[in-house]
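Inspection log for the structure reproduced underneath, given as structure tokens.
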Amino acid sequence: MTSILEQLKDSVSQALVSAFGTELADTDPLVAPTNNPKFGDYQSNVALPLAKTLKQNPRAIAQSIIDHLQLEEMCEAPTIAGPGFINFMLKTDYISKLLAKIQPDERLGVPQVEPAQKVIVDFSSPNIAKEMHVGHLRSTIIGDAIARILEFRGYDVLRLNHVGDWGTQFGMLIAYLREAYPEALTTADALDIGDLVSLYKKAKVRFDRDDQFKQTARQEVVKLQAGAEDSRHAWQLLCDQSRKEFQVIYDLLDIKITERGESFYNPFLEDIVSELEQKGLLQTSEGAKCVFLEGFTNKDGDPLPLIVQKSDGGFNYATTDLAAIKYRVKEDGAERIIYVTDSGQANHFAGVFQVARKAEILPDTVEVVHVPFGLVLGKDGKRIKTRSGETFKLKDLLDEAIAHARQDLATRLQEEAREETPEFIDHVARVVGLSAVKYADLSQNRTSDYKFDYDKMLDLKGNTAPYLLYAYVRPQGVSRKGNIDFSQLDTNTSIVLTEKAELALAKHILQLEEIIKEVESNLLPNRICLYLFELSQKFNQFYEQCDILEAKEPQRTSRLILADLTARTIKLGLSLLGINVLERM
Ligand code: ARG
């Protein structure tokens, strides 16, 4: 389908051309949903900025647009408000017809893109031998949601885990383990990641203090890079150990991702540097090879460099990202590359993108986007930490969410004097706990910091996962109570929308398509959360104000269809966020 918003935009654009000529063909029609139903459902503000260009009064312009609009099927006669806003009110008949059209459709009217553009989503990307931290959790949750949304729209998505599995830290770690824990370098599972992390810290201390050790560590890097067998084997073991730990988190959160770590691009790094050299972009500064960036300066106003090869010959994070861009464009055929990391890496990506464009590794036809996000804070507004001041282990964080959800459920069961099986309780606690964590993250505008607060994320009343899950469960309850199979409802029933609550719910259901299309371009999943939250609120109002099972026909079937469409919209919307629904909770 074409969303209502797109249809209105097209109509206003056409009216602009018919009324004022083709010079206005590219003018943005400025149509948006209204935030107050008093002004109808949608509004166009285009007449206001045109007043200057056309040297006419905006109300007169609005009137000319209306005179040329052809929207009889869709809208009541548009009206002009205030200085020249055009208000559109959808016809109830039209809404009923659209609902009837999407009812049998599994995709609820949301079309697939064609052709399927190739998109890479680079997300999660923790570092080997280091703990996966809350920043990686955010990247994992947001990146997975973005990938799911694009997949649903039919893009050819490649999910990549750009793990930090290469670099000088391995020399340091291997050198240290040779002394302190040699069996770890030859035997699988000799260490767990906790040990690995603390050994890493000790190795780092040695490295910073002991010059002799520093030398040894450097030699280890050289050996590893040269492909010495025992070094490769040790490196492999360390990676496997970390990988297993990461997988525990991915399994819990139901994340699918392909690992293609930094080491993968190792063979291409030298070529990247020569390519930059050939293209005349390289300069040497204090022995390091770098490209000076435009628009990035230090305090004194001097241009900042992007260092691609250090004076000791080693390559950088940025060099790997340049090689990765080249590979992703040439070999993977990517047309859009999305990087999900904390906002702290904004300059890194801006620099890398600039150099890649200049070096023509990145053609204009390929879009690259950094999707930044803010910090995870504790309840107190400070960086999240455990009581002992250590950073949280992600596994513990998630387990605790499940434990909180279990506690809430136990309280509710007791209040309602309900008995449930242990399997039911386990399942509900797990789904609710994990959904709450995902949803709390996704429902914030990702660019802001967010406070990690179990009570808030599990609250049954706010903009939370449990609230939405509950709004899904309600229609299922109706179906059980009335012994109704939603999939067998008579599709020839015309949908009657006489009550205010019915109409508001119906209109909201029909916005799904425009919301998904919006998020597909701005990559802000919180827009979907808000949409689903408002849908749930509107459903709850409808549920409280309108009889469903007790209503007479044709209302009864019509309302059952509305309930079913709401539930399916919530289920679909949540699935795009990586959240599963429950039939009962
Ligand atoms: N490993 C990096 C980190 O932990 C994130 C990598 C993001 N992806 C990329 N292509 N640079 O911060």
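Letters for chains follow the order of the structure tokens (A, B, ...), residue numbers begin at 1 for each chain, and ligand numbers begin at 1 in the order shown.
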
*If you count only C-alpha atoms and all ligand atoms, which residues end up within 6 Å of ligand 1, as a PyMOL selection string?*
chain A and resi 122+125-127+162-164+321+341

Can I get the selection written as an mmCIF file, in the first residue's frame, with C-alpha atoms?
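Now in selection-v4.cif:
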data_model
loop_
_atom_site.group_PDB
_atom_site.id
_atom_site.type_symbol
_atom_site.label_atom_id
_atom_site.label_comp_id
_atom_site.auth_asym_id
_atom_site.auth_seq_id
_atom_site.Cartn_x
_atom_site.Cartn_y
_atom_site.Cartn_z
ATOM 1 C CA ASP A 122 27.639 -3.209 11.990
ATOM 2 C CA SER A 125 31.157 -5.530 18.212
ATOM 3 C CA PRO A 126 32.673 -6.226 21.646
ATOM 4 C CA ASN A 127 36.390 -6.697 22.171
ATOM 5 C CA HIS A 162 33.132 -6.158 14.019
ATOM 6 C CA VAL A 163 34.759 -7.638 17.115
ATOM 7 C CA GLY A 164 38.032 -6.200 18.364
ATOM 8 C CA ASP A 321 37.623 0.642 9.234
ATOM 9 C CA THR A 341 28.262 2.615 18.513
#

*Do you know which residues are at most 8 Å from Leu48 in chain A counting only C-alpha atoms, after dropping those on the same chain fewer than 2 positions away, and could you put them as JSON, numbers by chain?*
{"A": [45, 46, 50, 51, 58, 83, 84, 85]}

Rows by chain and residue number, range 80-170 of chain A within 10 Å of range 372-382 of chain A, shortest pair, only C-alpha atoms, as CSV:
residue,atom,partner,partner_atom,distance
A:Val134,CA,A:Val376,CA,6.7
A:Gly135,CA,A:Leu375,CA,6.9
A:Leu137,CA,A:Val376,CA,9.5
A:Arg138,CA,A:Phe373,CA,7.8
A:Ser139,CA,A:Phe373,CA,8.0
A:Ile142,CA,A:Phe373,CA,8.9

*Taking the chain letters and numbering used in this document, name the residues of range 399-551 of chain A that DSSP puts in helix (DSSP H, G or I), as a ChimeraX atom specification.*
/A:399-415,422-442,454-457,465-481,486-488,500-509,512-522,526-545

*Could you check how far CA of Gln407 in chain A sits from CA of Asn526 in chain A, in Å to one decimal?*
27.4 Å

_7 Å contact set for Val473 in chain A, only C-alpha atoms, chain neighbours under 2 positions out, as a PyMOL selection string_ = chain A and resi 469-471+475-477+582-584

*Using only C-alpha atoms, which of the listed residues (A:Val31, A:Ile128, A:Ala356, A:Leu468) sits closest to Leu532 in chain A?*
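Nearest to Leu532 in chain A: A:Leu468.
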
*Hey, can you check how far CA of Ala318 in chain A sits from CA of Leu160 in chain A?*
17.1 Å

*Rank A:Asp342, A:Asp408, A:Asp564, A:Asp441 by their smallest atom-to-atom distance to Asp485 in chain A, using only C-alpha atoms, and report the top residue only.*
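Using only C-alpha atoms, Asp485 in chain A sits closest to A:Asp564.
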
*Which one is closest to Glu514 in chain A: A:Leu282, A:Pro111, A:Lys571, A:Pro78? Count only C-alpha atoms.*
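Checking each of A:Leu282, A:Pro111, A:Lys571, A:Pro78 against Glu514 in chain A, counting only C-alpha atoms, the winner is A:Pro111.
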